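Just below is one structure, and these are the notes that go with it.
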Amino acid sequence: MGILIRNGVLVTAGDTYRADILVEAGHIKAIGANLGDGSETVYDAAGKYIFPGGIDGHVHLAQISSRGTALTDFSTTVAALAGGTTTVIAYATQKESTGILDSLEQFREEQIEGKSAVDVGMHAYLRSPNENSLAEFPALAEAGIPTVKLFMAAKGSAVHCDDRAIFTALRKAKECGMLVMVHAENSDLLSVLQQEFVDSGRTEPLWHGRAHPEVAEEEATVRAILLAKAAAAPLFVVHVSCADAMRRVREGRQSGVRVLAETCPHYLVLDASRLALPDFEGGKYVCSPPLRDAANQEPLWRALQESWIGVVGSDHCAFNFHGVKDLGKGYFPKISNGVPGMQDRLHILYTYGVLAGKLSLNRMVDVWTTTPAKVFGLYPQKGSLAVGADADIVIFDPEYSDIITAASSLEGIDYALYEGFVRKGRAEKVFLRGELVMDQGKFVGHLGQGRFIRRAPFGSAYDAPAL
Ligand SMILES: [Zn+2]
């Protein structure tokens with residue numbers, strides 16, 4: 001018993017064409033005309049686009065934040081499905097006095113298995129690397145976890161990495177098919193400014209933004225790129241938020257460094273004025289790097305269209321406003337950092353990118369799923385509409401339109417980041433490995449249907465876009 005999706009317009013990173021898709025046993029069996037033997041369940045997709053399921057390479061779930069507050073768990077990945085995302089890659093933190101792989105195995109068993117609505121990969125989030133952690137890199141790659149995140153900010157904390165740590169990690173990673181990802185902000189600069197603001201009583205959310213200036217991100221981005229150059233290793237810069245950092249990535253790529261970058265939907269459509277909203281409303285928008293001046297948005301959109309930035313991840317990190325975010329009222333260093341975004345990554349890209357003429361439909365699919373699949377070792381199993389690939393498929397209705405509200409959020413928190421935004425288009429039907437799991441905005445699957453996905457070592461599927 002297969003599935004036949006007829007009359008849709010297939011959109012991939014490279015092509016737009018009309019064809020039918022035959023699905024059998026969880027995989028795409030054929031693409032073309034006159035498919036099937038009549039025994040299939042038929043879905044008519046006339047007037048609809050067909051996308052490969054989305055890949056969100058940057059989510060934080062089931063973790064305890066650096067402020068000691070709890071994030072939402074994997075049951076909320078239903079929100080990702082509502083936005084057409086069928087795979088997420090979640091950060092899993094190395095535990096104190098536990099090996100990386102043991103920490104991650106434990107996280108998988110306790111938090112992912114039996115709970116997730118989408119397929120899940122893991123990024124290792126390291127405590128400052130030492131000889132022991134570097135020695136685990138080959139085993140991580142072997143276990144299907146070929147990515148490690150290093151944190152350049154927060155000096156003095158367990159996760160902070162100095163240049164020595166980053167350089168040695170880059171060198172080791174290159175040897176065994178691992179990819180180093182960095183959160184690039186200059187820690188010293190941030191801490192000086194934060195102290196000054198706190199000492200002078202400037203403690204509203206607005207000052208969180210001012211304590212993370214663009215130049216701090218730009219400086220750390222340059223430094224990471226040059227360390228990657230010195231190590232002759234690839235580098236992935238997560239959540240590029242501003243034009244100056246993006247230009248440094250572009251320069252790095254032009255000079256031959258294999259630097260790949262991600263930006264996030266909130267940097268494309270929200271700006272720093274949100275942080276200044278009265279009555280601590282600004283607290284809802286506190287994340288790091290912070291929202292920037294609106295002038296950064298056009299260059300980031302252009303960088304996506306022109307392939308300087310290849311990936312859009314949500315950096316979903318959801319906290320309730322009441323009872324969690326508001327613990328930082330009157331003292332911004334206590335605000336839990338992070339914003340939700342798993343549900344609306346596609347809607348923001350489509351409504352404010354494609355329909356606004358800033359992003360082609362093919363580029364949207366590319367940054368939303370295909371390049372993430374290639375960079376993170378999921379291609380061609382995921383991220384493409386191709387014979388043999390997992391049947392992670394979205395039937396997208398471009399005619400649908402509504403308004404984003406907290407009431408329509410499935411993210412499991414008490415506010416919507418994009419409250420009041422028009423949302424055009426909808427992932428009307430979403431298939432995960434051939435099963436219909438989301439139908440007209442309703443979850444029709446079950447929690448636990450998502451599997452842990454072992455990913456291939458870095459470089460095995462990645463083909464660098466032309467520079
Ligand atoms: Zn993040």
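Residue numbering restarts at 1 for every chain of the structure tokens, chains are lettered A, B, ... in their displayed order, and ligands are numbered from 1 as they appear.
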Using backbone DSSP assignments, extract all alpha helix (DSSP H) residues from stretch 50-199 of chain A; output them as a ChimeraX atom specification. /A:78-82,100-107,131-135,137-142,163-175,187-199
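Pocket residues of ligand 1, taken as those with any atom at most 10 Å away using only C-alpha atoms and all ligand atoms, are Gly57, His58, Val59, His60, Ala90, Tyr91, Lys149, Val182, His183, Val238, His239, Cys264, Cys287, Ser288, Pro289, Gly313, Ser314, Asp315, His316, Cys317, Asn337, Gly338 and Val339 of chain A.
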Quick one: write out the picked residues with N, CA and C atoms as a PDB file, in the first residue's frame?
```
ATOM      1  N   GLY A  57      18.439  22.804  11.526  1.00  0.00           N
ATOM      2  CA  GLY A  57      19.721  22.361  12.081  1.00  0.00           C
ATOM      3  C   GLY A  57      20.100  23.020  13.393  1.00  0.00           C
ATOM      4  N   HIS A  58      19.178  23.754  13.990  1.00  0.00           N
ATOM      5  CA  HIS A  58      19.558  24.496  15.191  1.00  0.00           C
ATOM      6  C   HIS A  58      18.374  24.631  16.147  1.00  0.00           C
ATOM      7  N   VAL A  59      18.194  23.651  17.012  1.00  0.00           N
ATOM      8  CA  VAL A  59      17.156  23.772  18.040  1.00  0.00           C
ATOM      9  C   VAL A  59      17.713  23.387  19.408  1.00  0.00           C
ATOM     10  N   HIS A  60      17.155  24.001  20.407  1.00  0.00           N
ATOM     11  CA  HIS A  60      17.488  23.690  21.800  1.00  0.00           C
ATOM     12  C   HIS A  60      16.220  23.194  22.478  1.00  0.00           C
ATOM     13  N   ALA A  90      19.335  18.825  17.338  1.00  0.00           N
ATOM     14  CA  ALA A  90      19.248  19.457  18.649  1.00  0.00           C
ATOM     15  C   ALA A  90      20.615  19.452  19.321  1.00  0.00           C
ATOM     16  N   TYR A  91      20.872  20.478  20.083  1.00  0.00           N
ATOM     17  CA  TYR A  91      22.111  20.527  20.855  1.00  0.00           C
ATOM     18  C   TYR A  91      21.961  19.686  22.111  1.00  0.00           C
ATOM     19  N   LYS A 149      29.681  22.009  18.790  1.00  0.00           N
ATOM     20  CA  LYS A 149      29.522  23.457  18.931  1.00  0.00           C
ATOM     21  C   LYS A 149      30.450  23.970  20.013  1.00  0.00           C
ATOM     22  N   VAL A 182      30.710  27.421  15.655  1.00  0.00           N
ATOM     23  CA  VAL A 182      31.005  28.377  16.717  1.00  0.00           C
ATOM     24  C   VAL A 182      29.877  29.377  16.916  1.00  0.00           C
ATOM     25  N   HIS A 183      29.677  29.700  18.194  1.00  0.00           N
ATOM     26  CA  HIS A 183      28.903  30.884  18.571  1.00  0.00           C
ATOM     27  C   HIS A 183      29.943  31.983  18.692  1.00  0.00           C
ATOM     28  N   VAL A 238      27.346  29.712  13.452  1.00  0.00           N
ATOM     29  CA  VAL A 238      25.898  29.689  13.688  1.00  0.00           C
ATOM     30  C   VAL A 238      25.360  31.113  13.866  1.00  0.00           C
ATOM     31  N   HIS A 239      24.107  31.248  13.696  1.00  0.00           N
ATOM     32  CA  HIS A 239      23.332  32.482  13.892  1.00  0.00           C
ATOM     33  C   HIS A 239      24.071  33.800  13.590  1.00  0.00           C
ATOM     34  N   CYS A 264      19.116  33.229  11.115  1.00  0.00           N
ATOM     35  CA  CYS A 264      17.859  32.747  11.698  1.00  0.00           C
ATOM     36  C   CYS A 264      16.715  33.683  11.300  1.00  0.00           C
ATOM     37  N   CYS A 287      17.760  37.396  23.065  1.00  0.00           N
ATOM     38  CA  CYS A 287      18.514  36.233  22.611  1.00  0.00           C
ATOM     39  C   CYS A 287      19.926  36.730  22.289  1.00  0.00           C
ATOM     40  N   SER A 288      20.837  35.781  22.065  1.00  0.00           N
ATOM     41  CA  SER A 288      22.213  36.160  21.744  1.00  0.00           C
ATOM     42  C   SER A 288      22.699  35.400  20.520  1.00  0.00           C
ATOM     43  N   PRO A 289      23.290  36.116  19.537  1.00  0.00           N
ATOM     44  CA  PRO A 289      23.355  37.565  19.423  1.00  0.00           C
ATOM     45  C   PRO A 289      21.956  38.182  19.463  1.00  0.00           C
ATOM     46  N   GLY A 313      18.520  28.294  10.205  1.00  0.00           N
ATOM     47  CA  GLY A 313      18.085  27.467  11.342  1.00  0.00           C
ATOM     48  C   GLY A 313      17.315  28.360  12.290  1.00  0.00           C
ATOM     49  N   SER A 314      16.423  27.764  13.070  1.00  0.00           N
ATOM     50  CA  SER A 314      15.568  28.627  13.898  1.00  0.00           C
ATOM     51  C   SER A 314      16.263  29.132  15.165  1.00  0.00           C
ATOM     52  N   ASP A 315      17.272  28.404  15.654  1.00  0.00           N
ATOM     53  CA  ASP A 315      17.818  28.661  16.995  1.00  0.00           C
ATOM     54  C   ASP A 315      16.680  28.695  18.017  1.00  0.00           C
ATOM     55  N   HIS A 316      15.732  27.797  17.800  1.00  0.00           N
ATOM     56  CA  HIS A 316      14.587  27.679  18.701  1.00  0.00           C
ATOM     57  C   HIS A 316      15.061  27.379  20.127  1.00  0.00           C
ATOM     58  N   CYS A 317      14.643  28.213  21.053  1.00  0.00           N
ATOM     59  CA  CYS A 317      15.066  28.065  22.449  1.00  0.00           C
ATOM     60  C   CYS A 317      13.965  28.741  23.255  1.00  0.00           C
ATOM     61  N   ASN A 337      18.072  33.584  27.901  1.00  0.00           N
ATOM     62  CA  ASN A 337      18.351  33.960  26.510  1.00  0.00           C
ATOM     63  C   ASN A 337      17.765  32.955  25.542  1.00  0.00           C
ATOM     64  N   GLY A 338      17.000  33.437  24.594  1.00  0.00           N
ATOM     65  CA  GLY A 338      16.511  32.543  23.562  1.00  0.00           C
ATOM     66  C   GLY A 338      15.107  32.890  23.162  1.00  0.00           C
ATOM     67  N   VAL A 339      14.778  32.562  21.915  1.00  0.00           N
ATOM     68  CA  VAL A 339      13.437  32.826  21.395  1.00  0.00           C
ATOM     69  C   VAL A 339      12.933  31.568  20.677  1.00  0.00           C
TER      70      VAL A 339
END
```
May I have the residues within 8 Å of stretch 240-251 of chain A as a VMD selection string, using only C-alpha atoms and disregarding those fewer than 2 positions away in the same chain? chain A and resid 214 to 215 217 to 219 221 to 222 225 237 to 238 253 to 255 259 to 264 267 289 to 292 296 to 297 299 to 300 303 308 to 309
Could you write out, as an MDAnalysis selection string, all the residues of stretch 103-262 of chain A that DSSP marks as strand (DSSP E or B)? chainID A and resid 119:125 147:151 160 179:183 235:237 259:262
Compile the contact shell of stretch 185-198 of chain A as JSON, numbers by chain: residues with an atom at most 6 Å away, counting only C-alpha atoms, same-chain residues fewer than 3 positions apart removed. {"A": [152, 153, 154, 155, 201, 202, 203, 211, 212, 216, 217, 220]}
Nearest to A:Gly83 among A:Arg455, A:Lys442, A:Arg223, A:Lys95, with distances taken over only C-alpha atoms: which residue is it?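 Selected residue with least distance to A:Gly83: A:Lys442.
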Please list as a list in words every residue within 6 Å of A:Gly84, counting only C-alpha atoms and excluding residues in the same chain fewer than 2 positions away. Gly53, Gly54, Leu81, Ala82, Val394 and Ala427 of chain A
Which residue out of A:Leu22, A:Ile395, A:Val257, A:Leu359 has the minimum interatomic distance to A:Gly47 when only C-alpha atoms are used?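 Under the stated criterion, the closest residue is A:Ile395.
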Can you list, as a ChimeraX atom specification, every protein, DNA or RNA residue that comes within 12 Å of A:Glu175 when you count only C-alpha atoms, leaving out same-chain residues fewer than 3 positions away? /A:134-135,137-138,141,146,168-172,178-180,231-234,457-459
Could I get the residues of stretch 256-371 of chain A with an atom no further than 10 Å from an atom of stretch 404-409 of chain A, each paired with its nearest atom pair and that distance in Å to one decimal, using only C-alpha atoms, sorted by chain and residue number, as a Markdown table?
```
| residue | atom | partner | partner_atom | distance |
| --- | --- | --- | --- | --- |
| A:Gln343 | CA | A:Ser409 | CA | 7.6 |
| A:Asp344 | CA | A:Ile404 | CA | 8.9 |
| A:His347 | CA | A:Ile404 | CA | 9.8 |
```
Writing out the chosen residues with C-alpha atoms as a PDB file, in the first residue's frame:
```
ATOM      1  CA  GLN A 343       7.047  26.552  13.948  1.00  0.00           C
ATOM      2  CA  ASP A 344       7.402  29.533  11.644  1.00  0.00           C
ATOM      3  CA  HIS A 347       6.323  30.847   6.957  1.00  0.00           C
TER       4      HIS A 347
END
```
Just the number, please: distance in Å from atom CA of A:Val120 to atom CA of A:Pro340, one decimal.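 If I compute the distance from atom CA of A:Val120 to atom CA of A:Pro340, I get 17.6 Å.
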Extract, using only C-alpha atoms, all DNA, RNA and protein residues at most 10 Å from A:Tyr17, discarding same-chain residues fewer than 3 positions from it, and format them as an MDAnalysis selection string. chainID A and resid 8:12 20 49:50
